[in-house]
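Chemist: File follows, structure_5.cif with mmCIF, C-alpha atoms:
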data_run
loop_
_atom_site.label_atom_id
_atom_site.label_comp_id
_atom_site.auth_asym_id
_atom_site.auth_seq_id
_atom_site.Cartn_x
_atom_site.Cartn_y
_atom_site.Cartn_z
CA THR N 120 0.00 0.00 0.00
CA LEU N 121 1.05 3.61 -0.57
CA ASP N 122 0.39 6.49 1.79
CA SER N 123 -0.47 10.03 0.70
CA HIS N 124 3.22 10.74 0.08
CA GLY N 125 3.78 7.67 -2.10
CA VAL N 126 5.70 5.83 0.62
CA ALA N 127 5.14 2.07 0.47
CA ALA N 128 4.21 -0.32 3.28
CA TYR N 129 4.08 -4.09 2.85
CA ASP N 130 2.15 -7.14 4.00
CA PHE N 131 3.52 -10.59 3.18
CA SER N 132 1.48 -13.78 2.84
CA ILE N 133 4.06 -16.56 2.66
CA GLU N 134 2.71 -19.16 5.08
CA ASP N 135 2.59 -22.61 3.43
CA SER N 136 3.97 -21.19 0.19
CA ALA N 137 6.68 -22.92 -1.84
CA THR N 138 8.51 -19.67 -2.50
CA PHE N 139 11.47 -20.40 -0.23
CA ASP N 140 11.57 -24.18 -0.63
CA PHE N 141 14.27 -24.92 -3.18
CA ASN N 142 17.55 -26.80 -3.36
CA GLN N 143 21.18 -26.41 -4.35
CA SER N 144 20.75 -28.17 -7.70
CA TRP N 145 18.75 -25.21 -9.01
CA LEU N 146 21.65 -22.77 -8.57
CA PRO N 147 24.45 -22.14 -11.09
CA ASP N 148 27.90 -23.48 -10.31
CA PRO N 149 30.08 -20.43 -9.54
CA SER N 150 33.28 -22.34 -10.38
CA ARG N 151 31.96 -22.96 -13.89
CA TYR N 152 30.54 -19.52 -14.67
CA LYS N 153 33.19 -17.37 -12.94
CA LEU N 154 30.68 -14.70 -11.95
CA THR N 155 31.68 -11.06 -11.73
CA LEU N 156 29.40 -10.04 -8.86
CA LEU N 157 26.58 -11.41 -6.73
CA HIS N 158 23.79 -9.08 -5.59
CA ILE N 159 21.55 -10.77 -3.03
CA GLY N 160 19.28 -9.94 -0.13
CA SER N 161 15.80 -9.43 1.29
CA LEU N 162 13.57 -12.28 2.46
CA ALA N 163 15.36 -14.93 0.41
CA THR N 164 18.29 -14.57 2.83
CA ILE N 165 16.07 -14.79 5.91
CA VAL N 166 13.27 -17.32 5.37
CA GLU N 167 14.13 -21.00 5.68
CA PRO N 168 14.74 -23.50 4.22
CA GLY N 169 15.90 -21.54 1.19
CA ALA N 170 18.03 -19.07 3.16
CA SER N 171 20.51 -21.71 4.30
CA VAL N 172 20.78 -23.13 0.78
CA LEU N 173 21.48 -19.67 -0.60
CA TYR N 174 24.03 -18.92 2.11
CA ASP N 175 26.04 -22.06 1.33
CA TRP N 176 25.93 -21.19 -2.37
CA ALA N 177 26.92 -17.56 -1.70
CA MET N 178 29.94 -18.77 0.27
CA LYS N 179 31.12 -20.52 -2.90
CA CYS N 180 30.38 -17.42 -5.00
CA ALA N 181 32.47 -15.30 -2.63
CA GLU N 182 35.55 -17.23 -3.74
CA PHE N 183 35.21 -15.67 -7.20
CA ALA N 184 33.43 -12.33 -6.85
CA PRO N 185 32.34 -9.60 -4.44
CA ILE N 186 28.94 -9.94 -2.78
CA VAL N 187 26.61 -6.96 -2.55
CA PHE N 188 24.10 -7.61 0.22
CA ASP N 189 20.83 -5.72 0.74
CA PRO N 190 19.12 -6.82 4.00
CA ASN N 191 15.84 -5.06 3.07
CA VAL N 192 14.56 -5.75 6.58
CA ARG N 193 10.93 -6.90 6.89
CA PRO N 194 9.98 -7.12 10.61
CA SER N 195 6.45 -8.15 9.69
CA VAL N 196 7.86 -11.47 8.48
CA LEU N 197 10.34 -12.03 11.31
CA GLY N 198 9.67 -9.87 14.34
CA ASP N 199 12.37 -11.35 16.58
CA ARG N 200 14.97 -8.56 16.39
CA ASP N 201 17.84 -10.56 17.90
CA ARG N 202 17.26 -13.48 15.56
CA TYR N 203 16.92 -11.18 12.56
CA LEU N 204 20.16 -9.40 13.46
CA ARG N 205 22.04 -12.69 13.82
CA VAL N 206 21.00 -13.76 10.33
CA VAL N 207 21.77 -10.36 8.78
CA GLU N 208 25.21 -10.23 10.38
CA LYS N 209 25.97 -13.75 9.16
CA TRP N 210 25.45 -12.46 5.62
CA VAL N 211 27.35 -9.25 6.33
CA GLU N 212 30.38 -11.34 7.31
CA ILE N 213 30.69 -12.75 3.77
CA SER N 214 29.73 -9.54 1.96
CA THR N 215 32.03 -6.96 0.42
CA VAL N 216 29.39 -4.25 0.07
CA VAL N 217 26.20 -3.72 2.07
CA LYS N 218 23.42 -1.49 0.77
CA VAL N 219 21.07 -0.75 3.66
CA SER N 220 18.42 1.80 4.54
CA GLU N 221 18.46 4.09 7.55
CA ASP N 222 15.17 2.51 8.65
CA ASP N 223 16.72 -0.96 8.49
CA LEU N 224 19.61 0.01 10.74
CA GLU N 225 17.39 1.89 13.18
CA TRP N 226 15.35 -1.29 13.64
CA LEU N 227 18.32 -3.66 13.83
CA PHE N 228 20.39 -1.39 16.11
CA PRO N 229 17.98 0.71 18.20
CA GLU N 230 20.68 1.68 20.69
CA ILE N 231 23.08 3.34 18.22
CA SER N 232 22.83 5.62 15.20
CA PRO N 233 22.70 4.22 11.65
CA LEU N 234 26.11 5.76 10.95
CA GLU N 235 27.62 4.03 13.99
CA ALA N 236 26.09 0.73 12.88
CA ALA N 237 27.49 1.17 9.38
CA LYS N 238 30.95 1.97 10.77
CA LYS N 239 30.73 -1.18 12.89
CA TRP N 240 30.21 -3.31 9.78
CA VAL N 241 33.12 -1.59 8.03
CA ALA N 242 35.33 -2.23 11.06
CA ASP N 243 34.28 -5.88 10.85
CA GLY N 244 35.52 -6.14 7.27
CA VAL N 245 32.91 -4.76 4.85
CA ALA N 246 34.61 -2.61 2.20
CA LEU N 247 31.67 -0.26 1.63
CA VAL N 248 28.36 0.39 3.32
CA LEU N 249 25.92 2.43 1.24
CA LEU N 250 23.31 3.97 3.53
CA THR N 251 20.08 5.17 1.92
CA ARG N 252 18.21 7.92 3.76
CA GLY N 253 15.12 8.62 1.67
CA ALA N 254 14.70 12.29 0.79
CA ALA N 255 17.86 13.08 2.80
CA GLY N 256 19.96 11.27 0.22
CA LEU N 257 22.78 8.78 0.51
CA MET N 258 25.88 8.16 2.59
CA ALA N 259 28.86 5.98 1.69
CA ILE N 260 31.03 4.64 4.50
CA THR N 261 34.43 3.02 3.96
CA ALA N 262 37.45 2.53 6.18
CA ASN N 263 38.91 5.81 4.94
CA GLU N 264 35.99 8.13 4.27
CA VAL N 265 32.38 9.01 4.96
CA MET N 266 30.78 10.70 1.97
CA GLU N 267 27.30 12.21 1.91
CA HIS N 268 25.18 13.05 -1.11
CA ALA N 269 21.96 15.01 -0.98
CA GLY N 270 18.74 13.54 -2.31
CA VAL N 271 17.34 14.74 -5.62
CA THR N 272 14.13 16.74 -5.20
CA VAL N 273 11.23 15.11 -7.02
CA ASP N 274 7.44 14.83 -6.77
CA VAL N 275 7.17 11.40 -5.17
CA VAL N 276 4.54 9.15 -6.72
CA ASP N 277 5.68 5.72 -5.55
CA THR N 278 8.81 4.73 -3.59
CA VAL N 279 8.68 1.06 -4.63
CA GLY N 280 11.93 0.07 -6.32
CA ALA N 281 13.98 3.11 -5.31
CA GLY N 282 16.35 1.08 -3.15
CA ASP N 283 16.74 -1.54 -5.85
CA SER N 284 17.67 1.21 -8.32
CA VAL N 285 20.46 2.24 -5.95
CA GLY N 286 21.59 -1.38 -5.75
CA ALA N 287 21.77 -1.60 -9.53
CA ILE N 288 23.96 1.50 -9.69
CA ILE N 289 26.31 0.02 -7.09
CA ALA N 290 26.57 -3.22 -9.05
CA GLU N 291 27.27 -1.35 -12.28
CA ALA N 292 29.96 0.79 -10.65
CA ILE N 293 31.74 -2.25 -9.22
CA VAL N 294 31.74 -4.04 -12.57
CA LYS N 295 32.77 -0.92 -14.48
CA ASP N 296 35.33 0.71 -12.17
CA GLY N 297 36.35 -2.08 -9.81
CA LEU N 298 35.44 -2.19 -6.15
CA PHE N 299 38.71 -0.81 -4.86
CA ASN N 300 38.52 2.18 -7.19
CA LEU N 301 35.28 3.29 -5.57
CA HIS N 302 36.64 6.16 -3.54
CA GLY N 303 37.04 9.88 -4.02
CA GLU N 304 35.59 11.14 -7.29
CA ASN N 305 34.50 7.69 -8.49
CA LEU N 306 32.53 7.19 -5.29
CA ARG N 307 30.96 10.63 -5.61
CA THR N 308 29.96 9.88 -9.20
CA MET N 309 28.33 6.63 -8.11
CA LEU N 310 26.39 8.39 -5.36
CA ASN N 311 25.21 11.04 -7.80
CA CYS N 312 23.96 8.39 -10.25
CA ALA N 313 22.32 6.41 -7.45
CA ALA N 314 20.50 9.43 -6.03
CA LEU N 315 19.21 10.39 -9.45
CA ALA N 316 18.16 6.83 -10.34
CA ALA N 317 16.23 6.54 -7.07
CA ALA N 318 14.51 9.89 -7.67
CA ILE N 319 13.43 8.92 -11.19
CA THR N 320 12.05 5.63 -9.86
CA CYS N 321 10.07 7.50 -7.18
CA SER N 322 8.59 9.84 -9.79
CA ARG N 323 6.46 7.14 -11.44
CA VAL N 324 4.12 4.34 -10.48
CA GLY N 325 5.54 0.90 -9.82
CA ALA N 326 9.07 -0.45 -9.55
CA GLU N 327 10.26 1.12 -12.80
CA PRO N 328 13.89 2.21 -12.62
CA PRO N 329 15.34 4.43 -15.33
CA THR N 330 16.88 3.00 -18.44
CA LYS N 331 20.55 3.69 -19.06
CA ARG N 332 19.58 6.33 -21.63
CA GLU N 333 17.11 8.03 -19.29
CA LEU N 334 19.74 8.20 -16.58
CA ARG N 335 22.37 9.55 -18.96
CA ASP N 336 20.02 12.27 -20.21
CA ALA N 337 19.05 13.22 -16.66
CA LEU N 338 22.71 13.45 -15.63
CA GLU N 339 23.47 15.69 -18.60
CA GLU N 340 20.59 18.00 -17.66
CA ARG N 341 22.06 18.42 -14.17
CA VAL N 342 25.53 19.39 -15.37
#
Take the structure in the file and write it out as structure tokens.
Modeler:
Amino acid sequence: TLDSHGVAAYDFSIEDSATFDFNQSWLPDPSRYKLTLLHIGSLATIVEPGASVLYDWAMKCAEFAPIVFDPNVRPSVLGDRDRYLRVVEKWVEISTVVKVSEDDLEWLFPEISPLEAAKKWVADGVALVLLTRGAAGLMAITANEVMEHAGVTVDVVDTVGAGDSVGAIIAEAIVKDGLFNLHGENLRTMLNCAALAAAITCSRVGAEPPTKRELRDALEERV
């Protein structure tokens, strides 16, 4: 459902569904395909029995490529905060990049600020935490820098898919520039693209991120 400001809320009906009941044989062999990057997250990493299958597979993928993890926390599905945090942090331990919302971190770590929580994950070994903050924009946290980027002003129609648009920009930047080149100006460029992509997604109904051409044209207009 969407409120009067286009902000989405979710109800999940997964009881007795087959959605998360799958096995290892359905997943591609990372040693054969030599993947470039794995982007994974949300309920598939939380709900059993599929979550454990995916975790074991992701461990194999991590031998070949960076993992970008998006917790996309859904307390309505698993309301036990301590249990939820244990599962999320298990995935964080094998991830190179974590894309997470301010709301997610406020729920997982009610005693500390989202920035402190992000710094904790970086101290534990994550190379980059990308913190999304809605209209307030984005923040990138690495071991050497904390970089903020303002949100792009837009008439919000529907927020569904905005976070996923940011995740896509992160994945593209890693493949294009290389993870360890994402600092300084390259990091700022990524944040600018991510903020704009999220804004475009919010400006229309449904999870419809911008095409590459739409994003390029929008970036040129802002120069």
Chemist: How would you write, as a PyMOL selection string, the residues chosen by the PyMOL selection byres ((chain N and resi 146-160) around 9) on this structure?
Modeler: chain N and resi 142-145+161-165+173+176-177+179-191+210+286-287+290+293-294
Chemist: So what do you get for atom CA of Gly244 of chain N versus atom CA of Glu212 of chain N, distance-wise?
Modeler: 7.3 Å
Chemist: Just to confirm, what's the straight-line distance from atom CA of Glu230 of chain N to atom CA of Val216 of chain N in Å (one decimal)?
Modeler: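 Answer for the atom CA of Glu230 of chain N to atom CA of Val216 of chain N separation: 23.2 Å.
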Chemist: For a test of reading the model, state the distance in Å between atom CA of Glu291 of chain N and atom CA of Arg332 of chain N, rounded to one decimal.
Modeler: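 These atoms are spaced 14.3 Å apart.
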Chemist: Mind telling me what the PyMOL selection byres ((chain N and resi 240) around 12) catches here, as a PyMOL selection string?
Modeler: chain N and resi 207-219+224+228+233-239+241-250+260-262
Chemist: With distances taken over all atoms listed in the file, which residue among N:Leu204, N:Ala128, N:Met266, N:Leu257 lies nearest Ala313 of chain N?
Modeler: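 Of N:Leu204, N:Ala128, N:Met266, N:Leu257, the one nearest Ala313 of chain N is N:Leu257, counting all atoms listed in the file.
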Chemist: Any chance you could work out the residue set of the PyMOL selection byres ((chain N and resi 338) around 12) here, as a VMD selection string?
Modeler: chain N and resid 271 308 to 309 311 to 316 318 to 319 329 331 to 337 339 to 342
Chemist: Could you write out the selected residues, including C-alpha atoms, as a PDB file, keeping the file's coordinate frame?
Modeler:
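The result, written out as part-v1.pdb:
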ATOM      1  CA  VAL N 271      17.340  14.740  -5.620  1.00  0.00           C
ATOM      2  CA  THR N 308      29.960   9.880  -9.200  1.00  0.00           C
ATOM      3  CA  MET N 309      28.330   6.630  -8.110  1.00  0.00           C
ATOM      4  CA  ASN N 311      25.210  11.040  -7.800  1.00  0.00           C
ATOM      5  CA  CYS N 312      23.960   8.390 -10.250  1.00  0.00           C
ATOM      6  CA  ALA N 313      22.320   6.410  -7.450  1.00  0.00           C
ATOM      7  CA  ALA N 314      20.500   9.430  -6.030  1.00  0.00           C
ATOM      8  CA  LEU N 315      19.210  10.390  -9.450  1.00  0.00           C
ATOM      9  CA  ALA N 316      18.160   6.830 -10.340  1.00  0.00           C
ATOM     10  CA  ALA N 318      14.510   9.890  -7.670  1.00  0.00           C
ATOM     11  CA  ILE N 319      13.430   8.920 -11.190  1.00  0.00           C
ATOM     12  CA  PRO N 329      15.340   4.430 -15.330  1.00  0.00           C
ATOM     13  CA  LYS N 331      20.550   3.690 -19.060  1.00  0.00           C
ATOM     14  CA  ARG N 332      19.580   6.330 -21.630  1.00  0.00           C
ATOM     15  CA  GLU N 333      17.110   8.030 -19.290  1.00  0.00           C
ATOM     16  CA  LEU N 334      19.740   8.200 -16.580  1.00  0.00           C
ATOM     17  CA  ARG N 335      22.370   9.550 -18.960  1.00  0.00           C
ATOM     18  CA  ASP N 336      20.020  12.270 -20.210  1.00  0.00           C
ATOM     19  CA  ALA N 337      19.050  13.220 -16.660  1.00  0.00           C
ATOM     20  CA  GLU N 339      23.470  15.690 -18.600  1.00  0.00           C
ATOM     21  CA  GLU N 340      20.590  18.000 -17.660  1.00  0.00           C
ATOM     22  CA  ARG N 341      22.060  18.420 -14.170  1.00  0.00           C
ATOM     23  CA  VAL N 342      25.530  19.390 -15.370  1.00  0.00           C
TER      24      VAL N 342
END
Chemist: Counting all atoms listed in the file, find residues at most 7 Å from (11.9, 15.1, 1.2) (file frame) and give them as a PyMOL selection string.
Modeler: chain N and resi 254-255+272
Chemist: Ranking N:Val126, N:Leu121, N:Leu301, N:Val172 by minimum distance to Ala281 of chain N and counting only C-alpha atoms, which one comes first?
Modeler: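 Of all the options, N:Val126 lies closest to Ala281 of chain N.
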